[in-house]
Amino acid sequence: MTPDLDKRLTEAGLDPAEVEEIVRTALAEDGGTDVTSEPIFTPDDRAAGEFTAREDGVVAGLPVAAVVLELLDVAYTFRAADGDRVRAGQVLLSAEGPTRALLRAERTALNLLTHLSGVATATRRWADAIEGTGARVRDSRKTLPGLRALQKYAVRCGGGVNHRMSLSDAALVKDNHIAAAGSVTRAFEAIRAVYPSLHVQVECDTLAQVEEALAAGATSILLDNMGVADMTEAVRAAGGSAELEASGGLALDGARDVAVTGVDYLAVGALTHSARVFDIGLDFL
């Protein structure tokens, strides 16, 4: 990987070695011999193409697509930047190199680029919907295995923020923890006893649990599947002593109603677990 691309990935908060491993795994899925391209083109044949947006949205994953191209010795030029709002017909990335290599790179590059741009575009819709309320849209650990770092990067490109990356980053006391421990207080205090300075978030299904979590000293509370009225009451009860995150069953058309209750975050697992791909094509010149 060239130093420039390595630097670009690092500045984006991505581990270049991890990205390269993901790309190599994806390329390996296509096997060894390309029985379509190799009979048609010689090793000396060359081609050029453009990765072009076919709809309006937000692009993410251009440096990741560039890793695919670099590994196959295809030259490229960035024509847009991750996080850009792009229009249908806009060229995002130009590529030129051996025809066989460009054809081999095409699907892997597009698989990554269209998926990550889909995540970024979905996130931007939520971010736009709650703009000006003070609340922010946040992802979860509901990510595709092996792609968490890339998907969470795409969320950032779309104007969202990340929840914890892994189980070791912060504690999240969920309903099953509470059920097994016996109470919110018991679960919360057990974590505090071992990790006194760790960020701990407590999931609450009811206002009674919110009151219990606040009394135990919780400074971060997840309001799970609560209606707008209960969220408003939870915000009042917290009185600014804890950050509050709405979660469960949220819909884009009701996002602003949730945000204006005063919660700090809207947790949207759908950003990563079910975002529609963003339509991008590679057109040979």
# chains A, B, ... in the order shown; residues from 1 in each chain; ligands from 1
>>> select_by_dssp(residues="region 120-170 of chain A", states="alpha helix (DSSP H)", output="VMD selection string")
chain A and resid 120 to 129 148 to 157
>>> residues_around(residues="Ile221 (chain A)", least_positions_apart="2", cutoff="9 Å", atoms="only C-alpha atoms", output="list in words")
Val200, Gln201, Val202, Glu203, Cys204, Val210, Ala213, Leu214, Ala218, Thr219, Leu223, Ala242, Glu243, Leu244, Glu245 and Ala246 of chain A
>>> select_by_dssp(residues="region 166-239 of chain A", states="strand (DSSP E or B)", output="PyMOL selection string")
chain A and resi 171-173+200-204+220-224
>>> atom_distance(atom1="CA of Ala75 (chain A)", atom2="CA of Ser94 (chain A)")
8.3 Å
>>> closest_atom_pairs(of="region 32-77 of chain A", to="region 275-284 of chain A", cutoff="10 Å", atoms="only C-alpha atoms", output="CSV")
residue,atom,partner,partner_atom,distance
A:Ala47,CA,A:Phe284,CA,7.1
A:Ala48,CA,A:Phe284,CA,5.8
A:Gly49,CA,A:Phe284,CA,4.0
A:Glu50,CA,A:Asp283,CA,5.4
A:Phe51,CA,A:Leu282,CA,4.4
A:Thr52,CA,A:Gly281,CA,5.4
A:Ala53,CA,A:Ile280,CA,4.5
A:Arg54,CA,A:Asp279,CA,5.4
A:Glu55,CA,A:Asp279,CA,6.2
A:Asp56,CA,A:Phe278,CA,8.7
A:Gly57,CA,A:Phe278,CA,7.5
A:Val58,CA,A:Phe278,CA,8.5
A:Val59,CA,A:Phe278,CA,8.3
A:Ala60,CA,A:Phe278,CA,9.8
>>> atom_distance(atom1="CA of Tyr195 (chain A)", atom2="CA of Gly217 (chain A)")
13.9 Å
>>> residues_around(residues="Arg256 (chain A)", least_positions_apart="4", cutoff="8 Å", atoms="only C-alpha atoms", output="ChimeraX atom specification")
/A:129-130,133,260
>>> closest_residue(among="A:Ala216, A:Ala95, A:Ala120, A:Ala208", to="Phe188 (chain A)", atoms="only C-alpha atoms")
A:Ala216
>>> atom_distance(atom1="CA of Glu29 (chain A)", atom2="CA of Val64 (chain A)")
16.9 Å
>>> decode(residues="region 216-261 of chain A", atoms="N, CA and C atoms", output="short mmCIF file (atom, residue, chain, number, x, y, z; two decimals), in the first residue's frame")
data_model
loop_
_atom_site.label_atom_id
_atom_site.label_comp_id
_atom_site.auth_asym_id
_atom_site.auth_seq_id
_atom_site.Cartn_x
_atom_site.Cartn_y
_atom_site.Cartn_z
N ALA A 216 -28.80 4.96 41.57
CA ALA A 216 -27.58 4.16 41.71
C ALA A 216 -26.35 4.93 41.27
N GLY A 217 -26.56 6.04 40.56
CA GLY A 217 -25.44 6.86 40.12
C GLY A 217 -25.15 6.78 38.63
N ALA A 218 -26.04 6.20 37.86
CA ALA A 218 -25.82 6.07 36.42
C ALA A 218 -25.80 7.45 35.77
N THR A 219 -24.84 7.64 34.87
CA THR A 219 -24.74 8.91 34.15
C THR A 219 -25.01 8.74 32.66
N SER A 220 -25.43 7.52 32.27
CA SER A 220 -25.78 7.24 30.87
C SER A 220 -26.89 6.20 30.86
N ILE A 221 -28.02 6.53 30.26
CA ILE A 221 -29.19 5.66 30.29
C ILE A 221 -29.75 5.48 28.89
N LEU A 222 -30.01 4.23 28.55
CA LEU A 222 -30.63 3.89 27.27
C LEU A 222 -32.11 3.68 27.50
N LEU A 223 -32.95 4.47 26.84
CA LEU A 223 -34.40 4.39 26.99
C LEU A 223 -34.93 3.44 25.92
N ASP A 224 -35.22 2.21 26.33
CA ASP A 224 -35.54 1.16 25.38
C ASP A 224 -37.04 1.06 25.11
N ASN A 225 -37.42 1.28 23.84
CA ASN A 225 -38.81 1.13 23.40
C ASN A 225 -39.79 1.97 24.21
N MET A 226 -39.39 3.17 24.57
CA MET A 226 -40.28 4.09 25.27
C MET A 226 -40.99 5.00 24.28
N GLY A 227 -42.19 5.41 24.64
CA GLY A 227 -42.90 6.39 23.85
C GLY A 227 -42.37 7.79 24.12
N VAL A 228 -42.80 8.74 23.30
CA VAL A 228 -42.31 10.11 23.41
C VAL A 228 -42.64 10.71 24.78
N ALA A 229 -43.82 10.42 25.31
CA ALA A 229 -44.21 10.97 26.61
C ALA A 229 -43.28 10.47 27.72
N ASP A 230 -42.98 9.17 27.69
CA ASP A 230 -42.09 8.62 28.72
C ASP A 230 -40.67 9.14 28.55
N MET A 231 -40.22 9.31 27.30
CA MET A 231 -38.89 9.88 27.09
C MET A 231 -38.81 11.29 27.67
N THR A 232 -39.86 12.07 27.44
CA THR A 232 -39.90 13.43 27.96
C THR A 232 -39.81 13.43 29.49
N GLU A 233 -40.52 12.50 30.11
CA GLU A 233 -40.48 12.39 31.57
C GLU A 233 -39.11 11.94 32.06
N ALA A 234 -38.47 11.03 31.30
CA ALA A 234 -37.14 10.56 31.68
C ALA A 234 -36.13 11.70 31.61
N VAL A 235 -36.25 12.55 30.60
CA VAL A 235 -35.37 13.71 30.47
C VAL A 235 -35.57 14.63 31.67
N ARG A 236 -36.82 14.85 32.05
CA ARG A 236 -37.11 15.70 33.21
C ARG A 236 -36.51 15.10 34.48
N ALA A 237 -36.68 13.77 34.65
CA ALA A 237 -36.18 13.11 35.86
C ALA A 237 -34.65 13.19 35.95
N ALA A 238 -33.99 13.05 34.81
CA ALA A 238 -32.52 13.09 34.81
C ALA A 238 -32.01 14.49 35.11
N GLY A 239 -32.73 15.49 34.65
CA GLY A 239 -32.36 16.87 34.95
C GLY A 239 -30.94 17.24 34.55
N GLY A 240 -30.44 16.60 33.51
CA GLY A 240 -29.09 16.90 33.03
C GLY A 240 -28.00 16.13 33.74
N SER A 241 -28.36 15.25 34.66
CA SER A 241 -27.35 14.50 35.40
C SER A 241 -26.87 13.26 34.65
N ALA A 242 -27.57 12.89 33.59
CA ALA A 242 -27.19 11.72 32.80
C ALA A 242 -27.51 11.97 31.33
N GLU A 243 -26.68 11.41 30.46
CA GLU A 243 -27.00 11.47 29.04
C GLU A 243 -28.01 10.37 28.74
N LEU A 244 -28.96 10.69 27.87
CA LEU A 244 -30.05 9.77 27.58
C LEU A 244 -30.04 9.42 26.10
N GLU A 245 -30.29 8.16 25.81
CA GLU A 245 -30.28 7.65 24.43
C GLU A 245 -31.57 6.90 24.16
N ALA A 246 -32.30 7.32 23.14
CA ALA A 246 -33.52 6.64 22.74
C ALA A 246 -33.17 5.46 21.86
N SER A 247 -33.85 4.34 22.06
CA SER A 247 -33.51 3.13 21.30
C SER A 247 -34.74 2.25 21.16
N GLY A 248 -34.78 1.52 20.06
CA GLY A 248 -35.82 0.52 19.86
C GLY A 248 -37.03 1.06 19.10
N GLY A 249 -37.25 0.52 17.92
CA GLY A 249 -38.45 0.86 17.15
C GLY A 249 -38.49 2.27 16.61
N LEU A 250 -37.36 2.94 16.54
CA LEU A 250 -37.36 4.31 16.02
C LEU A 250 -37.54 4.30 14.50
N ALA A 251 -38.28 5.28 14.00
CA ALA A 251 -38.51 5.40 12.56
C ALA A 251 -38.09 6.79 12.11
N LEU A 252 -37.63 6.87 10.89
CA LEU A 252 -37.11 8.14 10.38
C LEU A 252 -38.17 9.24 10.42
N ASP A 253 -39.42 8.89 10.08
CA ASP A 253 -40.46 9.92 10.03
C ASP A 253 -40.84 10.45 11.42
N GLY A 254 -40.45 9.73 12.47
CA GLY A 254 -40.72 10.21 13.81
C GLY A 254 -39.47 10.63 14.56
N ALA A 255 -38.34 10.69 13.84
CA ALA A 255 -37.06 10.97 14.49
C ALA A 255 -37.04 12.32 15.18
N ARG A 256 -37.59 13.32 14.54
CA ARG A 256 -37.53 14.66 15.13
C ARG A 256 -38.38 14.75 16.40
N ASP A 257 -39.53 14.08 16.41
CA ASP A 257 -40.37 14.07 17.61
C ASP A 257 -39.61 13.48 18.80
N VAL A 258 -38.80 12.45 18.53
CA VAL A 258 -37.99 11.84 19.58
C VAL A 258 -36.88 12.80 20.01
N ALA A 259 -36.23 13.41 19.04
CA ALA A 259 -35.09 14.28 19.33
C ALA A 259 -35.47 15.49 20.18
N VAL A 260 -36.65 16.05 19.93
CA VAL A 260 -37.03 17.27 20.66
C VAL A 260 -37.46 16.98 22.09
N THR A 261 -37.53 15.72 22.49
CA THR A 261 -37.80 15.42 23.90
C THR A 261 -36.64 15.83 24.78
#
